[in-house]
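Enquirer: Structure file final27.txt (compact mmCIF, C-alpha atoms and all ligand atoms) right here:
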```
# COMPACT_ATOMS: atom_id res chain seq x y z
CA MET A 1289 2.45 -32.86 17.87
CA SER A 1290 4.20 -36.15 17.21
CA ALA A 1291 3.41 -37.95 13.98
CA ALA A 1292 0.34 -40.12 13.59
CA VAL A 1293 -1.04 -39.91 17.13
CA LYS A 1294 -4.28 -41.76 16.50
CA ASP A 1295 -4.73 -43.43 19.87
CA ARG A 1296 -7.61 -41.44 21.34
CA ALA A 1297 -6.21 -41.71 24.86
CA ALA A 1298 -3.03 -40.00 23.66
CA LEU A 1299 -4.94 -37.06 22.20
CA PRO A 1300 -5.60 -33.88 24.18
CA LEU A 1301 -8.99 -33.83 25.90
CA ALA A 1302 -11.86 -32.19 24.09
CA VAL A 1303 -13.11 -29.57 26.54
CA SER A 1304 -15.62 -26.75 26.83
CA ALA A 1305 -14.57 -23.41 25.40
CA THR A 1306 -14.21 -20.24 27.44
CA ASP A 1307 -14.59 -16.55 26.62
CA ASP A 1308 -10.84 -16.42 26.04
CA ASP A 1309 -11.19 -18.93 23.18
CA VAL A 1310 -13.73 -16.93 21.17
CA ALA A 1311 -11.32 -15.00 18.95
CA ALA A 1312 -9.25 -18.12 18.18
CA ILE A 1313 -12.38 -20.16 17.39
CA VAL A 1314 -13.55 -17.52 14.92
CA ALA A 1315 -10.10 -17.29 13.32
CA LEU A 1316 -9.77 -21.08 12.90
CA ASN A 1317 -13.36 -21.45 11.67
CA ASN A 1318 -13.15 -18.63 9.14
CA GLN A 1319 -9.85 -19.89 7.77
CA PHE A 1320 -11.91 -22.53 5.95
CA SER A 1321 -15.11 -20.63 5.22
CA ALA A 1322 -13.91 -19.05 1.96
CA ASP A 1323 -13.72 -22.58 0.52
CA GLY A 1324 -17.20 -23.40 1.80
CA LEU A 1325 -15.89 -26.01 4.26
CA THR A 1326 -17.29 -24.12 7.27
CA LEU A 1327 -19.90 -21.39 7.54
CA PRO A 1328 -18.42 -18.00 8.47
CA ARG A 1329 -18.90 -17.09 12.13
CA THR A 1330 -18.63 -13.83 14.06
CA GLU A 1331 -17.30 -13.38 17.59
CA ALA A 1332 -20.80 -12.38 18.68
CA PHE A 1333 -22.22 -15.64 17.33
CA VAL A 1334 -19.56 -17.82 18.92
CA ALA A 1335 -19.81 -16.01 22.26
CA GLN A 1336 -23.54 -16.59 22.33
CA HIS A 1337 -23.23 -20.30 21.44
CA LEU A 1338 -20.08 -21.03 23.43
CA THR A 1339 -21.67 -23.87 25.41
CA ASP A 1340 -22.26 -25.72 22.13
CA TYR A 1341 -18.53 -25.87 21.31
CA ARG A 1342 -15.92 -28.46 22.19
CA ILE A 1343 -12.29 -27.64 21.54
CA VAL A 1344 -8.84 -29.17 21.84
CA ARG A 1345 -5.78 -27.17 22.78
CA GLY A 1346 -2.13 -27.87 22.20
CA PRO A 1347 0.44 -27.98 25.04
CA ASP A 1348 1.05 -24.26 24.63
CA GLY A 1349 -2.66 -23.58 25.05
CA SER A 1350 -3.22 -22.64 21.41
CA LEU A 1351 -6.38 -23.83 19.69
CA TRP A 1352 -5.82 -27.02 17.71
CA GLY A 1353 -9.37 -27.91 16.85
CA GLN A 1354 -13.04 -27.24 17.36
CA VAL A 1355 -16.52 -28.55 16.73
CA ALA A 1356 -20.01 -27.34 17.64
CA LEU A 1357 -23.62 -28.44 17.80
CA ASP A 1358 -26.36 -26.48 16.08
CA GLU A 1359 -29.86 -27.28 17.28
CA TYR A 1360 -32.72 -27.05 14.81
CA SER A 1361 -35.34 -28.52 17.13
CA PRO A 1362 -35.39 -30.81 20.18
CA SER A 1363 -35.14 -33.78 17.82
CA LEU A 1364 -32.76 -32.41 15.22
CA CYS A 1365 -29.18 -31.34 15.69
CA GLU A 1366 -26.31 -30.71 13.28
CA LEU A 1367 -22.59 -31.10 13.86
CA VAL A 1368 -21.01 -27.88 12.55
CA SER A 1369 -17.79 -25.85 12.56
CA LEU A 1370 -15.51 -28.87 12.59
CA ALA A 1371 -11.99 -27.59 11.99
CA VAL A 1372 -8.47 -28.65 12.88
CA ALA A 1373 -5.52 -26.28 12.57
CA PRO A 1374 -3.45 -27.23 9.50
CA ALA A 1375 -0.35 -28.06 11.59
CA ALA A 1376 -2.37 -30.50 13.72
CA GLN A 1377 -4.27 -32.25 10.92
CA GLY A 1378 -3.87 -35.93 10.11
CA LYS A 1379 -3.31 -37.05 13.72
CA GLY A 1380 -6.84 -38.14 14.59
CA LEU A 1381 -8.08 -34.87 16.05
CA GLY A 1382 -10.91 -34.51 13.53
CA ARG A 1383 -12.36 -37.88 14.50
CA HIS A 1384 -11.68 -37.16 18.18
CA LEU A 1385 -13.72 -33.95 17.92
CA ILE A 1386 -16.56 -35.73 16.14
CA THR A 1387 -16.66 -38.20 19.03
CA ALA A 1388 -16.80 -35.28 21.47
CA ALA A 1389 -19.72 -33.77 19.53
CA VAL A 1390 -21.51 -37.13 19.51
CA ASP A 1391 -20.99 -37.42 23.30
CA LEU A 1392 -22.38 -33.93 23.85
CA ALA A 1393 -25.39 -34.52 21.57
CA ASN A 1394 -26.05 -37.80 23.34
CA ARG A 1395 -25.86 -36.17 26.76
CA ARG A 1396 -28.31 -33.52 25.60
CA GLY A 1397 -30.73 -36.21 24.52
CA TYR A 1398 -30.89 -35.67 20.77
CA PRO A 1399 -31.99 -38.87 19.02
CA GLN A 1400 -29.86 -38.18 15.97
CA LEU A 1401 -26.94 -36.06 14.85
CA PHE A 1402 -26.32 -35.10 11.24
CA ALA A 1403 -23.50 -33.38 9.39
CA VAL A 1404 -23.02 -32.02 5.88
CA SER A 1405 -19.47 -32.50 4.69
CA LEU A 1406 -17.12 -33.45 1.89
CA ALA A 1407 -15.13 -35.60 4.33
CA ASP A 1408 -16.70 -38.98 3.66
CA THR A 1409 -13.97 -41.22 5.12
CA LEU A 1410 -13.88 -39.13 8.27
CA PHE A 1411 -17.60 -39.38 9.06
CA LEU A 1412 -18.09 -42.96 7.91
CA GLY A 1413 -15.15 -43.96 10.14
CA ALA A 1414 -16.81 -42.17 13.06
CA GLY A 1415 -19.93 -44.31 12.89
CA PHE A 1416 -22.07 -42.07 10.66
CA LEU A 1417 -24.06 -43.38 7.71
CA GLN A 1418 -24.53 -41.57 4.45
CA SER A 1419 -28.02 -40.20 3.89
CA SER A 1420 -29.64 -37.63 1.62
CA ILE A 1421 -30.07 -33.94 2.25
CA ASP A 1422 -33.63 -34.36 0.92
CA GLN A 1423 -34.41 -36.03 4.26
CA TYR A 1424 -33.59 -32.74 6.00
CA PRO A 1425 -35.74 -29.93 4.55
CA GLU A 1426 -34.82 -27.81 7.58
CA LYS A 1427 -31.22 -27.83 6.40
CA ILE A 1428 -32.12 -26.90 2.82
CA TRP A 1429 -34.27 -24.09 4.11
CA ARG A 1430 -31.48 -22.78 6.30
CA TYR A 1431 -28.91 -22.96 3.50
CA ARG A 1432 -31.26 -20.93 1.35
CA ALA A 1433 -31.66 -18.38 4.12
CA ILE A 1434 -27.88 -18.03 4.47
CA SER A 1435 -26.58 -18.19 0.95
CA ARG A 1436 -27.57 -19.69 -2.36
CA SER A 1437 -23.95 -20.57 -3.02
CA GLU A 1438 -23.95 -22.89 -0.01
CA LEU A 1439 -26.72 -24.89 -1.66
CA SER A 1440 -24.67 -25.18 -4.80
CA ILE A 1441 -22.00 -27.15 -2.94
CA GLY A 1442 -23.80 -30.19 -4.26
CA LYS A 1443 -20.77 -32.40 -3.83
CA LYS A 1444 -21.25 -32.37 -0.08
CA PHE A 1445 -22.64 -35.50 1.51
CA LEU A 1446 -25.06 -35.72 4.35
CA PHE A 1447 -24.12 -38.07 7.19
CA VAL A 1448 -26.27 -39.14 10.06
CA ARG A 1449 -25.69 -41.04 13.27
CA ASP A 1450 -28.47 -42.34 15.49
CA LEU A 1451 -27.85 -41.82 19.18
CA PRO A 1452 -28.93 -44.23 21.89
CA PRO A 1453 -32.06 -43.30 23.83
CA THR A 1454 -31.31 -41.49 27.06
CA SER A 1455 -33.35 -40.28 30.01
CA PRO A 1456 -35.70 -37.36 29.28
CA ARG A 1457 -33.95 -34.53 27.55
CA ARG A 1458 -32.31 -31.94 29.74
CA PRO A 1459 -32.89 -28.49 28.33
CA HIS A 1460 -29.74 -26.55 27.66
CA LYS A 1461 -29.47 -22.83 27.23
CA THR A 1462 -27.48 -20.73 24.90
CA ARG A 1463 -26.25 -17.56 26.51
CA SER A 1464 -28.69 -14.73 27.15
CA LYS A 1465 -28.47 -11.92 24.64
CA ARG A 1466 -26.66 -9.50 26.88
CA PRO A 1467 -24.67 -6.81 25.12
CA SER A 1468 -21.34 -8.12 23.91
CA VAL A 1469 -18.28 -6.78 25.70
CA ARG A 1470 -16.41 -7.36 22.48
CA GLY A 1471 -18.26 -4.66 20.62
CA LYS A 1472 -21.23 -4.72 18.32
CA PRO A 1473 -22.21 -8.01 16.65
CA LYS A 1474 -20.90 -8.13 13.12
C1 LIG B 1 -11.64 -32.27 7.94
C2 LIG B 1 -10.71 -32.08 9.15
C3 LIG B 1 -11.53 -31.61 10.34
C4 LIG B 1 -10.09 -33.46 9.45
O1 LIG B 1 -9.30 -33.31 10.63
P1 LIG B 1 -8.05 -34.26 10.87
O2 LIG B 1 -7.62 -34.09 12.26
O3 LIG B 1 -7.04 -34.01 9.81
O4 LIG B 1 -8.71 -35.69 10.63
P2 LIG B 1 -8.26 -37.08 11.30
O5 LIG B 1 -6.76 -37.11 11.41
O6 LIG B 1 -9.05 -37.31 12.51
O7 LIG B 1 -8.71 -38.10 10.15
C5 LIG B 1 -9.43 -39.27 10.46
C6 LIG B 1 -9.74 -40.01 9.17
O8 LIG B 1 -10.54 -39.16 8.33
C7 LIG B 1 -9.91 -39.03 7.05
N1 LIG B 1 -10.11 -37.66 6.58
C8 LIG B 1 -9.62 -36.53 7.15
N2 LIG B 1 -10.01 -35.45 6.44
C9 LIG B 1 -10.72 -35.93 5.39
C10 LIG B 1 -11.38 -35.29 4.29
N3 LIG B 1 -11.37 -33.97 4.11
N4 LIG B 1 -12.05 -36.08 3.41
C11 LIG B 1 -12.08 -37.43 3.55
N5 LIG B 1 -11.48 -38.08 4.59
C12 LIG B 1 -10.81 -37.33 5.49
C13 LIG B 1 -8.44 -39.32 7.29
O9 LIG B 1 -7.81 -39.77 6.12
C14 LIG B 1 -8.50 -40.37 8.37
O10 LIG B 1 -8.76 -41.62 7.79
P3 LIG B 1 -8.05 -42.96 8.36
O11 LIG B 1 -8.48 -43.10 9.80
O12 LIG B 1 -8.59 -44.02 7.47
O13 LIG B 1 -6.58 -42.72 8.24
C15 LIG B 1 -9.55 -31.11 8.86
O14 LIG B 1 -8.85 -31.54 7.72
C16 LIG B 1 -10.02 -29.69 8.61
O15 LIG B 1 -10.14 -28.90 9.55
N6 LIG B 1 -10.33 -29.37 7.35
C17 LIG B 1 -10.77 -28.02 7.00
C18 LIG B 1 -12.20 -27.74 7.50
C19 LIG B 1 -13.16 -28.83 7.11
O16 LIG B 1 -13.13 -29.38 6.01
N7 LIG B 1 -14.08 -29.15 8.06
C20 LIG B 1 -15.06 -30.18 7.88
C21 LIG B 1 -16.40 -29.56 7.89
S1 LIG B 1 -17.64 -30.81 8.16
```
Could you take the file, read its structure, and then write that structure out as structure tokens?
Ligand SMILES: CC(C)(COP(=O)(O)OP(=O)(O)OC[C@H]1O[C@@H](n2cnc3c(N)ncnc32)[C@H](O)[C@@H]1OP(=O)(O)O)[C@@H](O)C(=O)NCCC(=O)NCCS

Expert:
Amino acid sequence: MSAAVKDRAALPLAVSATDDDVAAIVALNNQFSADGLTLPRTEAFVAQHLTDYRIVRGPDGSLWGQVALDEYSPSLCELVSLAVAPAAQGKGLGRHLITAAVDLANRRGYPQLFAVSLADTLFLGAGFLQSSIDQYPEKIWRYRAISRSELSIGKKFLFVRDLPPTSPRRPHKTRSKRPSVRGKPK
């Protein structure tokens, strides 16, 4: 990628993911999970939530970046799994993917999108406002259910962006729980 491509029109389109992207999504996501920047994901999880992902690919088709939505309730949705491949970072793809997640959340009719992150400049520049995790007990509860160490990442900020009202919410479905062709869920 050429240096400093920050014009959104010059960036590769953020598109839906396919079954062929699952392994690459997991690999990119889990590259950052040891540092607590993303939550670890399995192929079974990603395959089941594939419609919630938006990705960008490089010219050779390799995965450059990803983001996903995680629904807590019809009125509460979190932006998760934001990750850009190290070689493609610093060109505007992170912000581009946040915009794609906002567009998807808006289309699905969520009134608000929140994210928990260390990347303050990134989210503030993408139209999010800083809030407090205390406003989101659902998130605290889920962190506790996953791992106590996640809760201890107290340096993370919570960002929220209100979305414009849309027509009545269209339900969306995650994939049915058919047996994975990729083997047993891990
Ligand atoms: C965070 C990450 C997604 C940013 O992707 P990126 O493509 O490098 O970001 P962009 O080029 O779109 O950066 C846009 C702006 O955000 C800022 N920014 C990027 N990463 C940042 C970070 N970690 N903290 C604070 N600001 C950050 C940039 O400086 C830039 O600011 P500018 O417009 O004033 O120059 C990427 O570094 C990454 O994958 N990191 C590892 C995983 C991770 O931390 N995910 C976030 C989980 S919420």

Enquirer: Taking all atoms listed in the file into account, which residues have an atom no farther than 7 Å from ligand LIG 1 (chain B)? I'd like them as an mmCIF file with C-alpha atoms, keeping the file's coordinate frame.

Expert:
```
data_model
loop_
_atom_site.group_PDB
_atom_site.id
_atom_site.type_symbol
_atom_site.label_atom_id
_atom_site.label_comp_id
_atom_site.auth_asym_id
_atom_site.auth_seq_id
_atom_site.Cartn_x
_atom_site.Cartn_y
_atom_site.Cartn_z
ATOM 1 C CA PHE A 1320 -11.910 -22.530 5.950
ATOM 2 C CA LEU A 1325 -15.890 -26.010 4.260
ATOM 3 C CA THR A 1326 -17.290 -24.120 7.270
ATOM 4 C CA VAL A 1368 -21.010 -27.880 12.550
ATOM 5 C CA SER A 1369 -17.790 -25.850 12.560
ATOM 6 C CA LEU A 1370 -15.510 -28.870 12.590
ATOM 7 C CA ALA A 1371 -11.990 -27.590 11.990
ATOM 8 C CA VAL A 1372 -8.470 -28.650 12.880
ATOM 9 C CA ALA A 1373 -5.520 -26.280 12.570
ATOM 10 C CA PRO A 1374 -3.450 -27.230 9.500
ATOM 11 C CA ALA A 1376 -2.370 -30.500 13.720
ATOM 12 C CA GLN A 1377 -4.270 -32.250 10.920
ATOM 13 C CA GLY A 1378 -3.870 -35.930 10.110
ATOM 14 C CA LYS A 1379 -3.310 -37.050 13.720
ATOM 15 C CA GLY A 1380 -6.840 -38.140 14.590
ATOM 16 C CA LEU A 1381 -8.080 -34.870 16.050
ATOM 17 C CA GLY A 1382 -10.910 -34.510 13.530
ATOM 18 C CA ARG A 1383 -12.360 -37.880 14.500
ATOM 19 C CA HIS A 1384 -11.680 -37.160 18.180
ATOM 20 C CA ALA A 1403 -23.500 -33.380 9.390
ATOM 21 C CA VAL A 1404 -23.020 -32.020 5.880
ATOM 22 C CA SER A 1405 -19.470 -32.500 4.690
ATOM 23 C CA LEU A 1406 -17.120 -33.450 1.890
ATOM 24 C CA ALA A 1407 -15.130 -35.600 4.330
ATOM 25 C CA ASP A 1408 -16.700 -38.980 3.660
ATOM 26 C CA THR A 1409 -13.970 -41.220 5.120
ATOM 27 C CA LEU A 1410 -13.880 -39.130 8.270
ATOM 28 C CA GLY A 1413 -15.150 -43.960 10.140
#
```

Enquirer: Env of Ser1350 of chain A: 12 Å cut, atoms = only C-alpha atoms, seq-sep filter 6 positions within chain, self excluded. Answer as a list in words.

Expert: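 Contacts, with the query itself left out: Pro1300, Asp1308, Asp1309, Val1310, Ala1311, Ala1312, Ile1313, Ala1315, Leu1316, Ile1343, Val1344, Val1372, Ala1373, Ala1375 and Ala1376 of chain A.
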
Enquirer: Interatomic distance between atom CA of Gly1415 of chain A and atom CA of Leu1446 of chain A?

Expert: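 So the two atoms, atom CA of Gly1415 of chain A and atom CA of Leu1446 of chain A, lie 13.2 Å apart.
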
Enquirer: Which one is closest to Phe1411 of chain A: A:Ile1428, A:Thr1454, A:Ile1386, A:Leu1392? Count all atoms listed in the file.

Expert: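 Of all the options, A:Ile1386 lies closest to Phe1411 of chain A.
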
Enquirer: To one decimal place in Å, what is the distance between atom CA of Ala1414 of chain A and atom CA of Tyr1360 of chain A?

Expert: 22.0 Å

Enquirer: Report, in Å to a single decimal, how far apart atom CA of Asp1422 of chain A and atom CA of Gln1354 of chain A are.

Expert: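 Between these atoms lies a distance of 27.3 Å.
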
Enquirer: Which residue gives the smallest distance to Leu1417 of chain A among A:Leu1401, A:Val1448, A:Leu1357, A:Leu1351, with only C-alpha atoms counted?

Expert: A:Val1448

Enquirer: Pick the closest to Ala1302 of chain A from A:Gly1353, A:Arg1395, A:Ser1363, A:Arg1430: which is it, counting only C-alpha atoms?

Expert: A:Gly1353

Enquirer: Would you mind telling me which residue in A:Arg1329, A:Arg1449, A:Arg1345, A:His1337 lies nearest to Leu1299 of chain A when using only C-alpha atoms?

Expert: A:Arg1345

Enquirer: Name all residues at most 12 Å from segment 1397-1400 of chain A (count all atoms listed in the file; drop same-chain ones fewer than 6 positions away) and give them as JSON, numbers by chain.

Expert: {"A": [1357, 1358, 1359, 1360, 1361, 1362, 1363, 1364, 1365, 1366, 1367, 1389, 1390, 1391, 1416, 1417, 1424, 1447, 1448, 1449, 1450, 1451, 1452, 1453, 1454, 1455, 1456, 1457, 1458, 1459, 1460]}

Enquirer: Using only C-alpha atoms, can you tell me which of A:Gln1418, A:Ala1305, A:Gly1324, A:Leu1385 comes closest to Gly1349 of chain A?

Expert: A:Ala1305
